[in-house]
Amino acid sequence: MSDSDIESASNPIQTSLETFAGREGTTAESVERSTTEGFRSQVTIHHDDLTPLLNRGAHAQTPTELVMMPLDLHQRVFKQRLIRADTPRDAHRLTEPVDVAGQVLAASGASQPSIVDRIDRIPLFEELLEAEPAMANAFERVLGTPAAESVTSVEQARTEIESVTGYHPARVGALREWCASRATLAARDGRDVLEATLMIEERLRKRTGKATSTGAVVRRAVRVLNSGDEARWETVYPSVERVWVCGLSTIPASLVDLLTSILTTTDVEVHLVTRPVSGPVLAERLWDGVAVSNPGREVFEIR
Amino acid sequence: MTASGQPPVTPRDFEEPTVPMVALAATTPTREARMAMAVVDELRGRGVAIRDIIVVARSIDQYEDALVRAAVRYGIPVTVWTQLPLGETEPYALCAALCTVLGADEVTLQELCTPVRHGWVPSSPSDAWPVDSAALQTVCRQGPDEARSIKEWDAWLRAASVDENRVAAFASWAAAQPAPPTPADVGDVLGGVLKRYRAQVLPHRYASATPALLETEQTIRALVRMLEVVDRIEAKFAEWLADQRAPQSWATVGRMCESFATQRPGRREHGNARALDLIEANDAWGRQVPYVIAVGLADGVWPRRSNARSKIPVEIQQRVLSGHDGLAQLAPRLAWNGLRTADQFADTIHAASQGLVLTRHTATETGEPRRPSPFLEALDEHLTSIDPSTAAGLVHVERHVPAALAKLLPTESETSPSTQ
């Protein structure tokens, strides 16, 4: 990790020099702009329109379309649409981000990570909160009730902070900075919920030694992809020409980072099939998300 | 970004559906459900196949009861695609109560009787099983109000003058169960009890259920789900013990049951081409069906007042959504500003390829007025609205189909057997 990376953590707008292009003498800003411009030509957004994806149905030896469709029920509906249109289904591989991440990690020789799920997390939170009153107090200030009595609220806070920041230093830094520079109630509550969540997440990592969420596995794979081994993606998905993200109203930061690493390290096209109303917002905000440097990086030492 | 800090991200304009649509109002949710099913009945009467119709609610919980009862009235078979409130069902209560009894050093007589009340039966039960609540209440009234070990209760039940050897039979059984349990014991004990419940207790519950069979329906789904949960608990319990994560006890198993029950996983029924699909709006994405009937288009019902669960202050949510104040790289959560709910409504109205019927109620069952959903207002200029008194003709014995609705229904000669 270089000093410029640390700089970028406290200044979210700046993108570190070596991240994408590594061109000496270019300003960070111009690198960012050109990279994002490059991404724009590699990304296609289909507003509330599944037809282009359905039209990719074909007989194929190996899948050409990697379709990330996280909900089972969406996958079911999509398969029904293919069947009804009498379209061959060999070209599509329906999957979800954590499974893609697992494939990437397996190809890098890493063992399949065991993942702590919500059922595991809740009793662990009870235990951790009991062990550290300072952390319990921080949650209590925000939640209004003793944290030990509202572990599901703690879990909700954790889910939201992870979804929004992916624990990325630039995103966490920006939120911390926003809260620190204001004297409002929202800023104080925001700081408490952020710091308490980061603390409990860190304790959870120490306590379990496992991946603390599916997002954590995705970020681990992002770091692997981003480590510079360009052949890795192609080893895992040699026949895939297009990556699709479908049917989401929210793209969590970890998935944004996965898309960034695919865009940065491969030539495959990324297609986003948005929902009808959230689509324009999601599409517009995507460009800010993929401009983050060192995708997949986290503020924690324990990964 | 406006000076007030409000984000410029509140698009609420829905792309106008290209199919004919109509809005029907009823005075109460119950009448609304009847009206929705009358429309289904009318469509079937005009030759539309049942699989070419879906009924959509934002949340089935609020409407399942009224819709299923209305469907029974019209003789329409329904399949409910919903999440299951497992924690409120008897199979769950049975397992939870068993874990309490098996996991505690001492229990009260009330606690001891709870598994029996929820349908515990011995391996080859006589006609005296399952035990009804009244008999158990009688036992509890006669017993001392203190906690004792299961063995002590067993002795007390056998010696006392209470004429109830069925609770004693349970106490003997409970005292003989392995404690602490191995993961395999969890599967054997809980799985065995659930299977006996299915064979011996379910027929009794079925016989005493209301005509709509709502509770039996839900109990059957809960049984299937609970058997899966027991399998998962067995595996997870083994994992936890290997990691020394929790004490090896029935109390641990009980906590795991509770976690699974509160997770509200999406347990959905198997599809049935001969039944009407009753789905939640979250399930409407990507679907294409000739006729869609969406219920509950009342303010506060769909959309609900959301956002209450978020732990992030609203001011920060707004900045993250708009991407201003240096927060551009944070990933917005679109459930925050209701865009996800709006997506679900748009998915619902776009699913219809022939006709769209949107229903609402003007007051709650207790008479509090309910305004139309803002989603209806957004479609207003393209939408024909039918007031409650006209729409009520649909549920009369001599059905009167309002003209505006009749326009979007097929005449019988138009319909042909569905190809799918």
# chains A, B, ... in the order shown; residues from 1 in each chain; ligands from 1

call {"tool": "closest_atom_pairs", "arguments": {"of": "range 168-233 of chain B", "to": "range 145-159 of chain B", "cutoff": "9 Å", "atoms": "only C-alpha atoms", "output": "CSV"}}
result
residue,atom,partner,partner_atom,distance
B:Ala168,CA,B:Asp154,CA,5.4
B:Ala169,CA,B:Asp154,CA,8.1
B:Phe170,CA,B:Asp154,CA,8.5
B:Ala171,CA,B:Asp154,CA,5.3
B:Ser172,CA,B:Asp154,CA,6.2
B:Ala174,CA,B:Ile150,CA,7.3
B:Ala175,CA,B:Ile150,CA,6.1

call {"tool": "write_last_selection", "arguments": {"atoms": "C-alpha atoms", "output": "JSON list (two decimals), in the first residue's frame"}}
result
[["chain", "number", "residue", "atom", "x", "y", "z"],
["B", 168, "ALA", "CA", -47.31, -37.97, 32.54],
["B", 169, "ALA", "CA", -46.66, -39.88, 29.31],
["B", 170, "PHE", "CA", -45.07, -36.75, 27.86],
["B", 171, "ALA", "CA", -42.99, -36.17, 31.00],
["B", 172, "SER", "CA", -41.67, -39.76, 30.87],
["B", 174, "ALA", "CA", -39.11, -36.01, 27.84],
["B", 175, "ALA", "CA", -37.07, -37.42, 30.74]]

call {"tool": "interface_residues", "arguments": {"of": "chain A", "to": "chain B", "cutoff": "7 Å", "atoms": "only C-alpha atoms", "output": "PyMOL selection string"}}
result
chain A and resi 73-74+77-78+119+156-157+163-165+171+174-175+186+189-190+249-253+275-278+281+288-289+292

call {"tool": "residues_around", "arguments": {"residues": "range 116-124 of chain B", "least_positions_apart": "3", "cutoff": "8 Å", "atoms": "only C-alpha atoms", "output": "PyMOL selection string"}}
result
chain B and resi 90-91+93-94+112-113+129-133+136+167+169-170+193+196-197+200-201

call {"tool": "write_last_selection", "arguments": {"atoms": "N, CA and C atoms", "output": "PDB file, in the first residue's frame"}}
result
ATOM      1  N   GLU B  90     -48.082 -23.406  14.629  1.00  0.00           N
ATOM      2  CA  GLU B  90     -48.016 -24.443  15.651  1.00  0.00           C
ATOM      3  C   GLU B  90     -46.775 -25.345  15.534  1.00  0.00           C
ATOM      4  N   PRO B  91     -46.383 -25.781  14.323  1.00  0.00           N
ATOM      5  CA  PRO B  91     -45.183 -26.622  14.260  1.00  0.00           C
ATOM      6  C   PRO B  91     -43.951 -25.938  14.872  1.00  0.00           C
ATOM      7  N   ALA B  93     -44.092 -23.528  17.245  1.00  0.00           N
ATOM      8  CA  ALA B  93     -44.344 -23.421  18.681  1.00  0.00           C
ATOM      9  C   ALA B  93     -44.061 -24.751  19.370  1.00  0.00           C
ATOM     10  N   LEU B  94     -44.388 -25.837  18.702  1.00  0.00           N
ATOM     11  CA  LEU B  94     -44.139 -27.169  19.246  1.00  0.00           C
ATOM     12  C   LEU B  94     -42.642 -27.389  19.465  1.00  0.00           C
ATOM     13  N   LEU B 112     -44.351 -27.372  31.033  1.00  0.00           N
ATOM     14  CA  LEU B 112     -44.337 -28.801  30.724  1.00  0.00           C
ATOM     15  C   LEU B 112     -45.507 -29.171  29.794  1.00  0.00           C
ATOM     16  N   CYS B 113     -46.635 -28.511  30.019  1.00  0.00           N
ATOM     17  CA  CYS B 113     -47.825 -28.837  29.219  1.00  0.00           C
ATOM     18  C   CYS B 113     -47.809 -28.221  27.815  1.00  0.00           C
ATOM     19  N   TRP B 129     -55.483 -38.800  21.865  1.00  0.00           N
ATOM     20  CA  TRP B 129     -54.545 -37.763  21.402  1.00  0.00           C
ATOM     21  C   TRP B 129     -55.058 -37.104  20.143  1.00  0.00           C
ATOM     22  N   PRO B 130     -54.675 -35.850  19.842  1.00  0.00           N
ATOM     23  CA  PRO B 130     -53.961 -34.905  20.699  1.00  0.00           C
ATOM     24  C   PRO B 130     -54.831 -34.405  21.850  1.00  0.00           C
ATOM     25  N   VAL B 131     -54.171 -33.848  22.854  1.00  0.00           N
ATOM     26  CA  VAL B 131     -54.864 -33.389  24.058  1.00  0.00           C
ATOM     27  C   VAL B 131     -55.376 -31.966  23.833  1.00  0.00           C
ATOM     28  N   ASP B 132     -56.628 -31.718  24.218  1.00  0.00           N
ATOM     29  CA  ASP B 132     -57.107 -30.351  23.991  1.00  0.00           C
ATOM     30  C   ASP B 132     -56.715 -29.425  25.146  1.00  0.00           C
ATOM     31  N   SER B 133     -56.737 -28.136  24.873  1.00  0.00           N
ATOM     32  CA  SER B 133     -56.239 -27.138  25.826  1.00  0.00           C
ATOM     33  C   SER B 133     -56.980 -27.181  27.151  1.00  0.00           C
ATOM     34  N   LEU B 136     -55.654 -29.599  29.595  1.00  0.00           N
ATOM     35  CA  LEU B 136     -54.355 -29.187  30.125  1.00  0.00           C
ATOM     36  C   LEU B 136     -54.511 -28.080  31.155  1.00  0.00           C
ATOM     37  N   VAL B 167     -50.224 -36.208  30.194  1.00  0.00           N
ATOM     38  CA  VAL B 167     -49.103 -35.315  30.489  1.00  0.00           C
ATOM     39  C   VAL B 167     -47.964 -36.124  31.107  1.00  0.00           C
ATOM     40  N   ALA B 169     -47.303 -39.165  30.422  1.00  0.00           N
ATOM     41  CA  ALA B 169     -46.662 -39.878  29.308  1.00  0.00           C
ATOM     42  C   ALA B 169     -45.646 -38.971  28.613  1.00  0.00           C
ATOM     43  N   PHE B 170     -46.017 -37.692  28.464  1.00  0.00           N
ATOM     44  CA  PHE B 170     -45.069 -36.754  27.857  1.00  0.00           C
ATOM     45  C   PHE B 170     -43.858 -36.557  28.755  1.00  0.00           C
ATOM     46  N   VAL B 193     -40.894 -35.766  16.175  1.00  0.00           N
ATOM     47  CA  VAL B 193     -42.097 -35.152  16.727  1.00  0.00           C
ATOM     48  C   VAL B 193     -42.920 -34.479  15.618  1.00  0.00           C
ATOM     49  N   ARG B 196     -44.742 -37.084  13.539  1.00  0.00           N
ATOM     50  CA  ARG B 196     -45.926 -37.605  14.232  1.00  0.00           C
ATOM     51  C   ARG B 196     -47.053 -36.564  14.204  1.00  0.00           C
ATOM     52  N   TYR B 197     -46.657 -35.298  14.306  1.00  0.00           N
ATOM     53  CA  TYR B 197     -47.652 -34.217  14.227  1.00  0.00           C
ATOM     54  C   TYR B 197     -48.369 -34.286  12.869  1.00  0.00           C
ATOM     55  N   GLN B 200     -50.647 -37.536  12.895  1.00  0.00           N
ATOM     56  CA  GLN B 200     -51.706 -37.710  13.892  1.00  0.00           C
ATOM     57  C   GLN B 200     -52.481 -36.440  14.227  1.00  0.00           C
ATOM     58  N   VAL B 201     -51.816 -35.294  14.158  1.00  0.00           N
ATOM     59  CA  VAL B 201     -52.449 -34.070  14.652  1.00  0.00           C
ATOM     60  C   VAL B 201     -53.090 -33.269  13.519  1.00  0.00           C
TER      61      VAL B 201
END

call {"tool": "closest_atom_pairs", "arguments": {"of": "range 115-164 of chain A", "to": "range 211-214 of chain A", "cutoff": "9 Å", "atoms": "only C-alpha atoms", "output": "Markdown table"}}
result
| residue | atom | partner | partner_atom | distance |
| --- | --- | --- | --- | --- |
| A:Ile115 | CA | A:Ala211 | CA | 4.7 |
| A:Val116 | CA | A:Thr212 | CA | 5.0 |
| A:Asp117 | CA | A:Ser213 | CA | 6.2 |
| A:Arg118 | CA | A:Ser213 | CA | 8.2 |
| A:Arg121 | CA | A:Thr212 | CA | 8.0 |

call {"tool": "write_last_selection", "arguments": {"atoms": "N, CA and C atoms", "output": "mmCIF file, in the first residue's frame"}}
result
data_model
loop_
_atom_site.group_PDB
_atom_site.id
_atom_site.type_symbol
_atom_site.label_atom_id
_atom_site.label_comp_id
_atom_site.auth_asym_id
_atom_site.auth_seq_id
_atom_site.Cartn_x
_atom_site.Cartn_y
_atom_site.Cartn_z
ATOM 1 N N ILE A 115 -18.713 -18.734 5.403
ATOM 2 C CA ILE A 115 -19.370 -17.440 5.572
ATOM 3 C C ILE A 115 -20.277 -17.474 6.798
ATOM 4 N N VAL A 116 -20.153 -16.445 7.602
ATOM 5 C CA VAL A 116 -21.024 -16.283 8.756
ATOM 6 C C VAL A 116 -22.315 -15.639 8.255
ATOM 7 N N ASP A 117 -23.463 -16.278 8.501
ATOM 8 C CA ASP A 117 -24.712 -15.674 8.022
ATOM 9 C C ASP A 117 -25.451 -14.984 9.163
ATOM 10 N N ARG A 118 -26.629 -14.484 8.843
ATOM 11 C CA ARG A 118 -27.377 -13.701 9.827
ATOM 12 C C ARG A 118 -27.674 -14.506 11.097
ATOM 13 N N ARG A 121 -24.593 -14.435 13.028
ATOM 14 C CA ARG A 121 -24.154 -13.108 13.488
ATOM 15 C C ARG A 121 -24.906 -12.656 14.725
#

call {"tool": "atom_distance", "arguments": {"atom1": "CA of His59 in chain A", "atom2": "CA of Asp90 in chain A"}}
result
5.5 Å

call {"tool": "atom_distance", "arguments": {"atom1": "CA of Ser114 in chain A", "atom2": "CA of Thr208 in chain A"}}
result
10.0 Å

call {"tool": "residues_around", "arguments": {"residues": "Ala60 in chain A", "least_positions_apart": "3", "cutoff": "8 Å", "atoms": "only C-alpha atoms", "output": "list in words"}}
result
Pro63, Thr64, Asp90 and Ala91 of chain A

call {"tool": "select_by_dssp", "arguments": {"residues": "range 2-146 of chain B", "states": "helix (DSSP H, G or I)", "output": "number ranges by chain"}}
result
B: 29-45, 50-52, 60-73, 86-88, 90-103, 109-117, 133-142

call {"tool": "select_by_dssp", "arguments": {"residues": "range 30-263 of chain A", "states": "strand (DSSP E)", "output": "PyMOL selection string"}}
result
chain A and resi 43-47+65-68+92-95+242-246

call {"tool": "atom_distance", "arguments": {"atom1": "CA of Val104 in chain A", "atom2": "CA of Arg220 in chain A"}}
result
9.4 Å
